[in-house]
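Q: What follows is a single structure, and I will ask about it in a moment.
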Amino acid sequence: MTGEPPRANLPRLSLHVPEPRFRPGDEADFANVEVPPAGAARRPDPGDKPESFHELAYGLIRVLDDEGRAVGPWNPRLDAETLRTMLRNMALVRAFDERMFRAQRQGKTSFYMKSTGEEAVSVAAAAALAFDDMCFPSYRQQGVLIARGYSLVEMMNQIYSNKGDKLQGKQLPIMYSAKDYGFFSISGNLTTQYPQAVGWAMASAAKGDSRIAATWCGEGSTAEGDFHSACTFASVYRAPVIFNVVNNQWAISSFSGFAGAEATTFAARAIGYGIAGLRVDGNDALAVYAATSWAAERARTNQGPTLIEHFTYRAEGHSTSDDPTAYRSAGEPNAWPLGDPIRRLKQHLIALGEWDLERHAAMDLALAEQVKAAQKEAEKNGTLGHGLHQPMETMFEGVFEEMPWHLREQQAQMLAEWKAAGL
Amino acid sequence: MEGSGTLNEAPTTRMNMIQAINSALDVMMARDPGVIVMGEDVGFFGGVFRATAGLQAKYGKTRVFDTPITECGIIGVAIGMGAYGLRPVPEIQFADYIYPALDQLVSEAARLRYRSAGEFIAPLTIRSPFGGGIFGGQTHSQSPEGIFTHVSGIKTVIPSTPYDAKGLLIAAIEDNDPVLFFEPKRIYNGPFHGHYDRPAANWSNHPAAEVPEGHYTVPLGKAAVVREGQDVTMLCYGTMVHVVANTIEELGNVDAEIIDLRTLVPLDIETIVASVQKTGRCVIVHEATRTGGFGAELSALVQERCFYHLEAPIERVTGFDTPYPHSLEWAYFPGPIRIGEALKKVMRD
């Protein structure tokens with residue numbers, strides 16, 4: 001199929017294959033990333049029509065400036081106690097991530113996923129939502145669970161698939177499910193939760209309820225058909241749902257260009273569907289909080305869905321099975337122009353006179369102890385190890401509400417095999 | 001007819017299969033405010049096959065509504081509604097269109113109970129017309145049931161009469177697990193006897209078209225013995241139940257026992273085994289393609305459980321492993337000729 005094309009007088013076509021700016025060994029320099037000043041984006045009324053604020057899908061809503069001041073119309077004006085709670089929850093997520101990452105490296109479990117650098121995206125959103133709003137997370141929103149006060153021991157039991165795991169070792173580590181905490185069962189398949197969140201929100205609206213739904217996916221998986229099905233449904237029925245796209249720049253080794261970032265923003269996806277779109281500094285807890293509150297108000301007043309792109313950076317690997325130094329510049333995390341979300345909120349609280357370095361250090365120490373104690377408690381139930389913490393016959397339970405004959409038969413066969421093997 | 005036993009007392013009406021399905025939806029929507037009907041064209045219009053006619057006018061637009069044309073979205077949204085506590089009955093307009101929803105069905109609906117250890121369930125009933133014989137070409141004729149019977153965590157139900165369609169659909173809606181309810185559209189308006197060149201029949205003279213007006217169930221996982229016989233067991237479902245019954249009647253020389261499986265998962269293995277152990281012969285008939293089809297599973301099960309009772313190799317009569325052809329539909333369709341040949345082989349030994 002090579003050689004002179006049949007119509008040689010026409011220009012030759014060429015295929016564009018995106019390439020990230022930096023690869024291993026390159027010096028990362030994000031000078032090209034446009035970072036508008038904090039406070040510059042206007043804040044429309046939550047009742048305004050989406051077409052009246054399209055520019056917000058292309059800009060970047062920022063509240064915290066470089067000096068740690070909260071500025072502009074999106075400043076949520078939170079009291080110091082709320083700010084300290086958010087800071088503490090973000091720090092707790094980081095401490096938890098560190099500990100569990102290490103536990104995986106120590107062979108105590110098969111898999112873990114950190115959310116380092118993205119803590120604000122989930123913790124600040126959880127702070128802005130009502131406790132009984134339903135969350136349909138992807139796999140990096142442990143911050144929602146932690147912010148809602150879910151037990152660290154329960155999380156670890158799940159990570160270890162141990163005998164305390166209330167998911168009975170049936171699900172990959174970190175794929176939590178916590179119905180009482182408004183946290184939908186996490187799927188490993190990408191963006192399937194998007195239409196599900198819309199369905200939950202539609203049901204809430206159809207029943208005249210007041211609760212709304214929120215869901216999260218990464219920028220990479222906005223390419224999935226489910227994302228677009230969800231946007232269409234949400235637009236058509238004006239579903240009370242908040243779509244969060246966590247644009248952390250990397251989907252395993254594929255940079256955001258493979259999801260369309262070279263052409264436009266992810267918030268701009270909203271425009272085609274006629275739904276509200278906001279692009280937010282995802283490392284700015286106050287901006288995330290403000291945007292989520294605004295979107296929640298729209299949803300609660302039957303103004304329909306909002307798509308929020310959280311512009312952030314995945315500071316570490318995709319998971320414990322990933323080595324990001326194999327495909328991206330090691331300098332990227334430090335060069336990232338939006339800083340670290342915990343450091344920025346800490347700086348803000350200090351600037352307000354509501355926090356200081358000593359208290360922060362003491363908090364970090366206390367959180368590390370809290371996580372360590374939780375880990376000790378969870379490990380009493382065992383770590384993954386050989387994996388056989390649950391009675392073997394439970395493997396067949398929960399496929400259906402009632403176990404049909406073919407599963408009963410397979411269950412009996414398995415037990416007989418083990419018995420015959422003398423185990 | 002096996003059912004909840006109300007057949008004799010309850011007022012009945014003659015219904016074709018569409019009307020019986022409509023009646024099942026009506027009964028369930030009246031009984032349970034959580035039952036929601038959704039799908040392409042199901043609302044004001046009442047569905048391209050009229051199965052949901054009149055429901056929107058009766059129950060309102062928030063319980064019966066049209067959806068965007070995205071099967072992935074339809075099933076995903078239905079799962080979310082189920083998680084909220086509703087009991088959605090989404091329609092996929094043709095089974096041939098179900099593939100965009102495969103991930104939501106296989107990885108989500110079928111796995112939700114298991115992966116959340118029962119915290120969340122997907123009590124969905126997905127209705128979808130399937131099968132050929134209507135000159136629908138390759139995109140309106142497929143029988144994809146074998147794709148779903150392979151998936152753990154989902155039930156597959158296929159009725160063959162108006163009575164069963166209503167009773168099974170009600171049982172499916174009341175079931176707390178996801179159920180795929182494939183409706184054999186060739187027999188919506190009347191039983192099909194396998195002869196494309198003869199006048200179409202309607203349900204008016206069929207005993208199973210006498211359908212109770214109210215609530216009753218036909219239990220999932222129970223087959224029906226349509227005809228008792230001594231010579232050979234015929235395993236079939238949907239349209240093929242009628243084609244097989246008519247072929248046996250026309251042949252007149254084979255005393256076949258015909259089993260309408262009605263539910264493929266969970267399968268009524270007891271009825272199958274008892275029959276084959278009695279007859280010693282087995283012919284499996286389905287319209288779907290052959291390789292890896294549900295007939296292969298049936299054949300394996302019968303072999304495993306009835307080997308020493310078998311007097312001849314098990315025969316499979318199926319569609320061919322080609323796309324469903326348009327103009328050659330009646331060469332593809334496993335009709336009386338192919339069934340007759342299989343019977344000759346199985347009875348010869």
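We name chains A, B, ... following the order of the structure tokens; residues begin at 1 in each chain, and ligands are numbered from 1 as shown.
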Give me every alpha helix (DSSP H) residue in region 36-180 of chain B, going by DSSP on the backbone, as an MDAnalysis selection string.

A: chainID B and resid 55:59 71:84 102:103 112:115 145:149 162:174

Q: Tell me as a ChimeraX atom specification which residues belonging to chain A come within 7 Å of chain B, counting only C-alpha atoms.

A: /A:167-168,170-171,177,179,185,192,195-200,203,206,226,229-230,233,398-401,404

Q: Compile the contact shell of Ala315 (chain A) as a PyMOL selection string: residues with an atom at most 12 Å away, counting only C-alpha atoms, same-chain residues fewer than 2 positions apart removed.

A: chain A and resi 94+113-119+248-250+252+283+312-313+317-319+323-325+328-336+338-341

Q: Next, the residues of the selection above should be written as a JSON list (two decimals), in the first residue's frame with N, CA and C atoms.

A:
[["chain", "number", "residue", "atom", "x", "y", "z"],
["A", 94, "ARG", "N", -4.18, 11.60, 52.45],
["A", 94, "ARG", "CA", -2.78, 11.41, 52.03],
["A", 94, "ARG", "C", -2.06, 10.42, 52.95],
["A", 113, "MET", "N", -4.44, 2.22, 44.97],
["A", 113, "MET", "CA", -4.43, 3.43, 44.14],
["A", 113, "MET", "C", -4.42, 4.66, 45.03],
["A", 114, "LYS", "N", -3.38, 5.48, 44.90],
["A", 114, "LYS", "CA", -3.30, 6.71, 45.67],
["A", 114, "LYS", "C", -4.03, 7.84, 44.94],
["A", 115, "SER", "N", -4.35, 8.87, 45.68],
["A", 115, "SER", "CA", -4.96, 10.04, 45.05],
["A", 115, "SER", "C", -4.12, 11.29, 45.30],
["A", 116, "THR", "N", -2.83, 11.07, 45.49],
["A", 116, "THR", "CA", -1.93, 12.17, 45.86],
["A", 116, "THR", "C", -2.01, 13.33, 44.84],
["A", 117, "GLY", "N", -2.22, 14.52, 45.37],
["A", 117, "GLY", "CA", -2.35, 15.71, 44.53],
["A", 117, "GLY", "C", -3.78, 15.99, 44.13],
["A", 118, "GLU", "N", -4.67, 15.01, 44.32],
["A", 118, "GLU", "CA", -6.06, 15.17, 43.90],
["A", 118, "GLU", "C", -7.01, 15.15, 45.10],
["A", 119, "GLU", "N", -6.48, 15.35, 46.29],
["A", 119, "GLU", "CA", -7.32, 15.21, 47.49],
["A", 119, "GLU", "C", -8.44, 16.23, 47.53],
["A", 248, "ASN", "N", -6.59, 14.81, 35.53],
["A", 248, "ASN", "CA", -5.28, 14.75, 36.20],
["A", 248, "ASN", "C", -4.15, 14.53, 35.20],
["A", 249, "GLN", "N", -4.44, 14.80, 33.94],
["A", 249, "GLN", "CA", -3.47, 14.83, 32.84],
["A", 249, "GLN", "C", -3.05, 13.46, 32.32],
["A", 250, "TRP", "N", -3.20, 12.41, 33.14],
["A", 250, "TRP", "CA", -2.69, 11.12, 32.72],
["A", 250, "TRP", "C", -3.71, 10.01, 32.95],
["A", 252, "ILE", "N", -3.31, 6.21, 32.99],
["A", 252, "ILE", "CA", -2.12, 5.36, 33.01],
["A", 252, "ILE", "C", -1.02, 6.10, 32.24],
["A", 283, "ASN", "N", -6.76, 21.88, 42.32],
["A", 283, "ASN", "CA", -5.86, 21.86, 43.47],
["A", 283, "ASN", "C", -6.19, 22.98, 44.46],
["A", 312, "THR", "N", -6.23, 19.22, 37.39],
["A", 312, "THR", "CA", -5.33, 18.84, 38.48],
["A", 312, "THR", "C", -4.19, 18.00, 37.90],
["A", 313, "TYR", "N", -3.46, 17.35, 38.74],
["A", 313, "TYR", "CA", -2.32, 16.57, 38.27],
["A", 313, "TYR", "C", -2.16, 15.30, 39.13],
["A", 317, "GLY", "N", 1.89, 7.39, 40.47],
["A", 317, "GLY", "CA", 1.49, 6.42, 39.45],
["A", 317, "GLY", "C", -0.01, 6.20, 39.42],
["A", 318, "HIS", "N", -0.46, 5.58, 38.34],
["A", 318, "HIS", "CA", -1.88, 5.26, 38.22],
["A", 318, "HIS", "C", -2.30, 4.34, 39.37],
["A", 319, "SER", "N", -1.47, 3.36, 39.65],
["A", 319, "SER", "CA", -1.76, 2.42, 40.74],
["A", 319, "SER", "C", -0.44, 1.81, 41.17],
["A", 323, "ASP", "N", 4.45, 2.34, 36.83],
["A", 323, "ASP", "CA", 5.68, 3.09, 37.08],
["A", 323, "ASP", "C", 5.72, 4.29, 36.13],
["A", 324, "PRO", "N", 5.31, 5.46, 36.61],
["A", 324, "PRO", "CA", 5.18, 6.61, 35.70],
["A", 324, "PRO", "C", 6.52, 7.11, 35.15],
["A", 325, "THR", "N", 7.64, 6.74, 35.80],
["A", 325, "THR", "CA", 8.92, 7.23, 35.27],
["A", 325, "THR", "C", 9.24, 6.59, 33.92],
["A", 328, "ARG", "N", 6.79, 9.40, 31.58],
["A", 328, "ARG", "CA", 6.68, 10.85, 31.70],
["A", 328, "ARG", "C", 7.88, 11.42, 32.45],
["A", 329, "SER", "N", 8.06, 12.68, 32.31],
["A", 329, "SER", "CA", 9.19, 13.33, 32.96],
["A", 329, "SER", "C", 9.05, 13.28, 34.46],
["A", 330, "ALA", "N", 10.12, 12.88, 35.14],
["A", 330, "ALA", "CA", 10.09, 12.81, 36.60],
["A", 330, "ALA", "C", 9.90, 14.20, 37.21],
["A", 331, "GLY", "N", 10.15, 15.24, 36.44],
["A", 331, "GLY", "CA", 10.03, 16.60, 36.97],
["A", 331, "GLY", "C", 8.62, 17.14, 36.96],
["A", 332, "GLU", "N", 7.70, 16.44, 36.29],
["A", 332, "GLU", "CA", 6.35, 16.99, 36.13],
["A", 332, "GLU", "C", 5.64, 17.34, 37.43],
["A", 333, "PRO", "N", 5.60, 16.38, 38.40],
["A", 333, "PRO", "CA", 4.83, 16.69, 39.61],
["A", 333, "PRO", "C", 5.27, 17.99, 40.28],
["A", 334, "ASN", "N", 6.57, 18.23, 40.34],
["A", 334, "ASN", "CA", 7.05, 19.44, 41.01],
["A", 334, "ASN", "C", 6.87, 20.69, 40.16],
["A", 335, "ALA", "N", 6.88, 20.50, 38.83],
["A", 335, "ALA", "CA", 6.73, 21.65, 37.94],
["A", 335, "ALA", "C", 5.27, 22.07, 37.78],
["A", 336, "TRP", "N", 4.36, 21.22, 38.21],
["A", 336, "TRP", "CA", 2.94, 21.50, 38.00],
["A", 336, "TRP", "C", 2.57, 22.88, 38.56],
["A", 338, "LEU", "N", -0.08, 24.45, 39.47],
["A", 338, "LEU", "CA", -1.17, 24.74, 40.41],
["A", 338, "LEU", "C", -0.87, 24.27, 41.82],
["A", 339, "GLY", "N", 0.37, 23.81, 42.02],
["A", 339, "GLY", "CA", 0.80, 23.51, 43.38],
["A", 339, "GLY", "C", 0.13, 22.28, 43.97],
["A", 340, "ASP", "N", 0.26, 22.20, 45.29],
["A", 340, "ASP", "CA", -0.27, 21.05, 46.01],
["A", 340, "ASP", "C", -1.52, 21.48, 46.80],
["A", 341, "PRO", "N", -2.60, 20.74, 46.69],
["A", 341, "PRO", "CA", -3.86, 21.21, 47.30],
["A", 341, "PRO", "C", -3.80, 21.34, 48.81]]

Q: For region 347-349 of chain A, please output as a short mmCIF file (atom, residue, chain, number, x, y, z; two decimals) with N, CA and C atoms, in the first residue's frame all residues within 8 Å (counting only C-alpha atoms; exclusion window: fewer than 2 positions along the same chain).

A:
data_model
loop_
_atom_site.label_atom_id
_atom_site.label_comp_id
_atom_site.auth_asym_id
_atom_site.auth_seq_id
_atom_site.Cartn_x
_atom_site.Cartn_y
_atom_site.Cartn_z
N LEU A 64 -8.07 30.64 45.55
CA LEU A 64 -6.86 30.88 46.34
C LEU A 64 -5.75 31.46 45.46
N GLU A 67 -0.64 34.02 47.37
CA GLU A 67 -0.33 34.35 48.76
C GLU A 67 -1.24 33.62 49.74
N GLY A 68 -2.13 32.78 49.20
CA GLY A 68 -3.03 32.04 50.10
C GLY A 68 -4.26 32.84 50.49
N ARG A 69 -4.53 33.91 49.77
CA ARG A 69 -5.76 34.65 50.05
C ARG A 69 -6.91 34.08 49.23
N ALA A 70 -8.12 34.11 49.79
CA ALA A 70 -9.31 33.70 49.05
C ALA A 70 -9.92 34.95 48.41
N ALA A 80 -13.59 29.13 59.63
CA ALA A 80 -12.28 28.50 59.85
C ALA A 80 -12.41 27.03 60.23
N LEU A 83 -12.86 24.98 57.15
CA LEU A 83 -11.59 24.93 56.42
C LEU A 83 -10.63 23.94 57.07
N ARG A 84 -10.57 23.98 58.39
CA ARG A 84 -9.66 23.07 59.09
C ARG A 84 -10.11 21.61 58.91
N ARG A 343 -1.02 21.90 50.65
CA ARG A 343 -0.15 23.04 50.98
C ARG A 343 -0.89 24.37 50.76
N ARG A 344 -1.71 24.40 49.73
CA ARG A 344 -2.40 25.67 49.43
C ARG A 344 -3.47 26.00 50.47
N LEU A 345 -4.20 24.98 50.91
CA LEU A 345 -5.23 25.27 51.93
C LEU A 345 -4.57 25.59 53.27
N ALA A 351 -2.57 32.17 56.57
CA ALA A 351 -2.74 33.58 56.21
C ALA A 351 -3.91 34.19 56.96
N LEU A 352 -4.92 33.37 57.25
CA LEU A 352 -6.08 33.87 58.00
C LEU A 352 -5.78 33.99 59.49
N GLY A 353 -4.62 33.45 59.89
CA GLY A 353 -4.31 33.42 61.32
C GLY A 353 -5.03 32.31 62.06
N GLU A 354 -5.53 31.34 61.31
CA GLU A 354 -6.32 30.26 61.92
C GLU A 354 -5.55 28.95 61.99
N TRP A 355 -4.26 29.01 61.69
CA TRP A 355 -3.47 27.77 61.63
C TRP A 355 -2.01 28.15 61.73
N ASP A 356 -1.17 27.22 62.11
CA ASP A 356 0.27 27.49 62.09
C ASP A 356 1.03 26.19 61.84
#
